[in-house]
Structure formats: C-alpha cells, structure tokens
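S.K.: For reference, the structure I am asking about is given below.
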Amino acid sequence: MKVTMQENSQLSVLVIDPNPGMRSNLQNMLNAANIHKIEYAVNSGTAIRQLTRRGYDIVLCEYDLGTGAEGQDGQQLLEDLRHHRLIAPWSIFIMLTSEAVYGKVIGAAELAPTDYILKPFTAETLGARIARAVERRAVFLPSWQLLAQGNAQEAIRSAAAAEIAHPRYALELARLRAELHANLGEHGEAEEIYRKVLAFKPLGWAGLGLARAEFALSRVEEARATLQALVAANPRLMAGYDLLARCHEAAGNHAQAQKILEEAVAISPHMVRRLRKLGEVALEAGDAASAEKSFKQVLAKARHSEFRDPEDHVRLVSALVKRGDLPGATGVLRDLEHSMKAGPELDACLAVSNAALHEVVGNRAAALADLQDAVAAVRASGGLSTALKLGLVRACLDHRLDKGAQEVMMAVVNDVNSGVSSQGALALFAEAGRRDLADGVQAQLKAQAQILLGVADEKRNMGDVRGAVQTLVEALHMAPSNLQVMVAVAGGVLRQINELGWDHPLGELCFAQLEKIRAIDAEHPRLESLELEYLAMRKKYGIAG
C-alpha cells in the first residue's frame, strides 16, 4: 500500500516549534510532499488549545520547546496529550529533536510517539517517515474507528481480519486485539494472544501484556516473576518497572516498590506521573526525604502544564510536614495560592494542607475550622482525587467531625469512577471504630439505590434500555449486596442484550449477579427464569462456554 502525493494533499498537520526558522523549514519540507494544510503552535499551551478545538492527522513536535515561561518540553506535552486523550489513536505524532541525550530520547520513546527523527534531517527523510506512518495508519484505522464508536467487539474482529490481509503488521494487530480484550475485562483472552506472540518471538510489549493480564487476574506472584525476567532482559522497558512496583505494592512491600521506581527514574527521569507515584510510594514506605525530592521534581516539571494538579502541592506539604520542615511547607502553600487558578479544588487543597500544619503545631481548633472549609470545598468540586477525599474523611474522623466525614464519604461512593465501593466505605468507618457512621452511610446508600431503581424504571418505560442499565449499575455500586438491586441489574442487562446485541462486560456482570443471587437465596422466585434467559441470550448470539 503506497501513499501518493495526491493523498498527501488531504493531510492536516500541526507543527509545534518555538523557532520561526524551523517552522519555515518544516513548511517547505511538507509542501514538497504536497502537504499544505499546516497550522502552527509555538509552545505547549497554544498546542493544547488548538488540539482541544480540532484534530490533526499529523503532529510534528520539537522536543525542546523552550524553558521558563515558554512552557513544557515535547515529552511532557505528549504525556499530557496521551493522558487527557487530546489526540486520537489514529493521530500520527512525530517527535523532532537534536538532543542526543539518551535519557530524553528513551523518555520520549516510552510514551509511544509514532516516530521520532533526529535533526538535522532532509525533506526526503521527513516525507518517507510520514508516508510510512500514513500507510500503517490506514491498516489500523477501521479498528480504531469502530472502537471510537463504542463497538469494541467489532474492532477486535476487524483487527483479526487485518492480520490476514496485512501480514506485515500481524504482530502489531495482534497487540491491538489483546489490548482491546483487556479493555473489555477479557484478560484471559488477552493472555492467550500474548502467549501466542511470545511463542513466536520474545517481544517486550508481549511480555508486558502477559504480566498485565496475570496481574488483572489476581495472579500477582506470577506477574511479578514475569516482570522480573522481562526487565532483566529489557532494562529500558519502562512500563515494566511501573507494573513491577505495583506488584510489590499489592504485597504490601512499599520499600521494594520504591526501589523499583527509583531504578526506573534513574533510566528515564522525565515522566511526571512516575515521579509522582515514586513520591507517593516513598511516603507509604516512611521515606519522607525521598518523597520530598520526587514531589519537588513533579512541581518543577509540571509547572508549565495546562493540566497542573494542585494536589501535587498537597503531597509535597505532607512530605515536608513529616520531615518537620514547617517553614518549607508554608512556602509551598504560598506558592500554591499564588500560582494556581482560584476555585473549589484550590480551596480544598489549601484547607487540607493548612489543617495538617495546624495539627502538627497543636492548634486543633484551627485544624477543625480548616477541615470544615475543606468539606465545603469538596461539596463544590468535582475534580479532586479519591486519595485526597479519603484522607479528608480520616482527618474528619480524627477530629470527630462526623457529619463532614459522612458527607465526603458519600461523595466518594457516589462517584462510580472512584474505585471505592460501599463495602470499602463501611470498612473504613469500622476500622475507625465508628460503626454508627457506617450504619448511617449504609442507610443513605440504600435510600439512594431505591431512588435509582425508580429512575431506571422510568427510562426503561421510555424505551431507553441502555440508560436504564447505566442507572442500575450506579445503584449496584451503591448497594452491591442488595438483593432487589441484583435482580434488577440482571433483568435490565438481559433486556439490553436482547434488544441491542451481546455485550461481553455486561454479560459478565449479569452472570456475576446471578451467582450472587443464588448464594443469597437459591429459591428466589426470579432466579430460575433469569438464568434461563441468560443461557438463551448466549445461545442466540453464539457465545461459547
């Protein structure tokens, strides 16, 4: 499959480079390849604003975007673009750099740009790289587009067909299929693909995928063994270090997790999210000095990001307080107040940090007032992390601020993306010796679940079966042990599958609810009919097993 000059004329390109001379050179090179739809950004901020407004076929990004007020470097920009999904999977991102510093190059490479080109380069080189990237994109585009439409199973089938039609890309397409299975929660299927690839060729990404599948299937020791061998054979496979650290964390070994992440940072020192994770793990391991160092690096590297996180200041304050450096912590708070955009997230971060400072100097009255301010800020905010909220819950419990603790915990549990179930919330209160608060939260969640069941009924009656199921899943999140909710979820899922087709994650959810119903009440009057309907749906759509 060759890319013609005529096809090039339809490509849109965003050039990100602070140097006007280089922008002009790139324009000439692109024009020589019959590419004329070109726009420009001089730093990360303008690039993000343009990418927020529209998509581009190709992004050509200079690694060295300047320092100080000029903004981020190209790697930090790409990290933000990937994390916040500002570039589509089919966007071609090519990093341009004259930097021969290995740490920077490997840092860019681990973020998976489509390609990177070392300067100086010719128009012929750039044109050839673009042609190669466009040719590859054409093979993957049908699967990516199906995925963007929410049809992951069709995307998997499309990738499988493309493997046969385009054997040159067979391994990459197998990787895509495995990743799509993993995204659907089908980790067994993903594991099978990765093992087949590894039997053919010992590729690092396949070994990493296998370890991810093992970890997701709760085979943490197997994942750890896989990763240790993988990192030994591929010492620059950075994501392997990240997952290996998670394995040690899962086993409660924070000191070893810290050591693994320190090794990774020594090899690739510019990934902000890894530095942040290192700081968090170091705090858990009791190494406040290392945590302080990591969080300071995070603040320095993220200072010019359009997505600065005020909680990074909170994390640094925590480390400084643990070290007894109260003047340093106060200075960090001043910087936070003056450098971040006003709003409830900032208010919450300031209040939580001030409470910690007042607590350590023994001013409990001031700490209590700060915690009350933090609860009010959480009430008005939707952008704070689960970790910060849970820390606030614990602080409220320590100060007998019961109403605030309950309110923040309800906000956590009501957020289906928090990762905290109602059982987790109840366990936290029970650990604090506050069974009374646990009972109160349980009563509130049960009442909310009942309301959601009514909402789901209304949506179903209006013909919105998909919306009804989404509401039922929210109810299940709040009351996962409620038999009425389980039955409603199983019935609602089966109705959607019958009308809209088989959906593997929903099928798994339905099966799990049927198993739970049987365990609680094997004689439930709805159980047999639901099980028969479930089997009928599997048969109808040819689902094996």
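Going by the structure tokens order, chains are called A, B, ..., each with residues numbered from 1, while ligands are numbered from 1 in the order shown.
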List the neighbours of Ala449 of chain A out to 9 Å using only C-alpha atoms; skip same-chain residues closer than 3 positions along the sequence, and give me the result as a short mmCIF file (atom, residue, chain, number, x, y, z; two decimals) with C-alpha atoms, in the first residue's frame.

M.R.:
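As written to disk, out21.cif reads:
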data_model
loop_
_atom_site.label_atom_id
_atom_site.label_comp_id
_atom_site.auth_asym_id
_atom_site.auth_seq_id
_atom_site.Cartn_x
_atom_site.Cartn_y
_atom_site.Cartn_z
CA GLN A 444 -28.25 6.67 52.88
CA LEU A 445 -26.85 4.44 50.13
CA LYS A 446 -29.81 2.09 50.35
CA LEU A 452 -32.19 4.97 41.20
CA LEU A 453 -34.30 1.84 40.73
CA GLY A 454 -37.27 4.12 40.15
CA LEU A 472 -28.95 0.23 37.51
CA GLU A 474 -25.00 3.09 39.59
CA ALA A 475 -27.50 1.60 42.04
CA LEU A 476 -25.42 -1.58 42.25
CA HIS A 477 -22.33 0.48 43.02
CA MET A 478 -24.17 2.00 45.99
CA ALA A 479 -25.83 -1.18 47.21
CA ASN A 482 -28.98 -5.51 47.93
CA VAL A 485 -30.82 -4.32 43.06
#

S.K.: Which polymer residues have any atom within 10 Å of an atom of Val420 of chain A, counting only C-alpha atoms, with same-chain residues fewer than 6 positions away left out, as a list in words?

M.R.: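 Residues meeting the cut-off are Thr386, Leu390, Met409, Val412, Val413, Asn414, His477 and Met478 of chain A.
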
S.K.: Write out the residues from the selection above, keeping C-alpha atoms, as a short mmCIF file (atom, residue, chain, number, x, y, z; two decimals), in the first residue's frame.

M.R.:
data_model
loop_
_atom_site.label_atom_id
_atom_site.label_comp_id
_atom_site.auth_asym_id
_atom_site.auth_seq_id
_atom_site.Cartn_x
_atom_site.Cartn_y
_atom_site.Cartn_z
CA THR A 386 -10.20 9.85 45.70
CA LEU A 390 -10.31 9.63 51.77
CA MET A 409 -17.51 9.56 52.02
CA VAL A 412 -16.61 9.18 47.10
CA VAL A 413 -19.05 6.27 46.92
CA ASN A 414 -21.42 8.15 44.61
CA HIS A 477 -22.33 0.48 43.02
CA MET A 478 -24.17 2.00 45.99
#

S.K.: Could you tell me how far atom CA of Leu198 of chain A sits from atom CA of Arg236 of chain A, in Å to one decimal place?

M.R.: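 Distance reported for this atom pair: 18.5 Å.
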
S.K.: Using Å and a single decimal, report how far atom CA of Leu217 of chain A sits from atom CA of Asp242 of chain A.

M.R.: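 About the pair atom CA of Asp242 of chain A and atom CA of Leu217 of chain A: they are 17.5 Å apart.
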
S.K.: Excluding same-chain residues fewer than 6 positions from Glu311 of chain A, what lies within 10 Å of it counting only C-alpha atoms, as a PyMOL selection string?

M.R.: chain A and resi 317+336+345-346+348-350+352-353+384-385+387-388

S.K.: For the residues in the current selection, export N, CA, C and O atoms as a short mmCIF file (atom, residue, chain, number, x, y, z; two decimals), in the first residue's frame.

M.R.:
data_model
loop_
_atom_site.label_atom_id
_atom_site.label_comp_id
_atom_site.auth_asym_id
_atom_site.auth_seq_id
_atom_site.Cartn_x
_atom_site.Cartn_y
_atom_site.Cartn_z
N VAL A 317 3.55 19.13 50.69
CA VAL A 317 3.34 19.60 52.06
C VAL A 317 3.34 18.42 53.03
O VAL A 317 3.94 18.48 54.10
N LEU A 336 1.34 27.66 46.09
CA LEU A 336 0.08 27.11 45.60
C LEU A 336 -0.97 28.19 45.46
O LEU A 336 -1.65 28.30 44.44
N GLU A 345 -11.27 23.42 43.88
CA GLU A 345 -10.15 22.49 44.01
C GLU A 345 -9.00 23.13 44.77
O GLU A 345 -8.41 22.52 45.67
N LEU A 346 -8.68 24.39 44.41
CA LEU A 346 -7.63 25.10 45.13
C LEU A 346 -8.01 25.30 46.59
O LEU A 346 -7.19 25.09 47.49
N ALA A 348 -9.94 23.49 48.46
CA ALA A 348 -9.85 22.22 49.18
C ALA A 348 -8.39 21.88 49.49
O ALA A 348 -8.06 21.46 50.60
N CYS A 349 -7.52 22.06 48.51
CA CYS A 349 -6.10 21.73 48.71
C CYS A 349 -5.48 22.62 49.79
O CYS A 349 -4.70 22.15 50.64
N LEU A 350 -5.80 23.91 49.75
CA LEU A 350 -5.27 24.82 50.77
C LEU A 350 -5.80 24.45 52.15
O LEU A 350 -5.04 24.41 53.13
N VAL A 352 -6.98 21.51 53.29
CA VAL A 352 -6.43 20.24 53.77
C VAL A 352 -4.99 20.42 54.25
O VAL A 352 -4.60 19.92 55.31
N SER A 353 -4.19 21.16 53.50
CA SER A 353 -2.79 21.36 53.88
C SER A 353 -2.67 22.23 55.12
O SER A 353 -1.85 21.96 56.01
N LEU A 384 -11.42 16.55 42.41
CA LEU A 384 -10.42 16.13 43.38
C LEU A 384 -10.25 14.61 43.38
O LEU A 384 -11.18 13.87 43.08
N SER A 385 -9.06 14.16 43.75
CA SER A 385 -8.78 12.73 43.71
C SER A 385 -9.45 11.99 44.85
O SER A 385 -9.76 12.57 45.91
N ALA A 387 -7.96 9.79 46.64
CA ALA A 387 -7.00 9.73 47.74
C ALA A 387 -7.12 10.95 48.65
O ALA A 387 -7.09 10.83 49.88
N LEU A 388 -7.25 12.14 48.06
CA LEU A 388 -7.40 13.34 48.88
C LEU A 388 -8.69 13.28 49.70
O LEU A 388 -8.70 13.62 50.89
#

S.K.: Taking only C-alpha atoms into account, name the residue in A:Phe93, A:Tyr534, A:Phe511, A:Trp502 that is nearest to Pro113 of chain A.

M.R.: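 Answer, going by the shortest atom-to-atom distance: A:Phe93.
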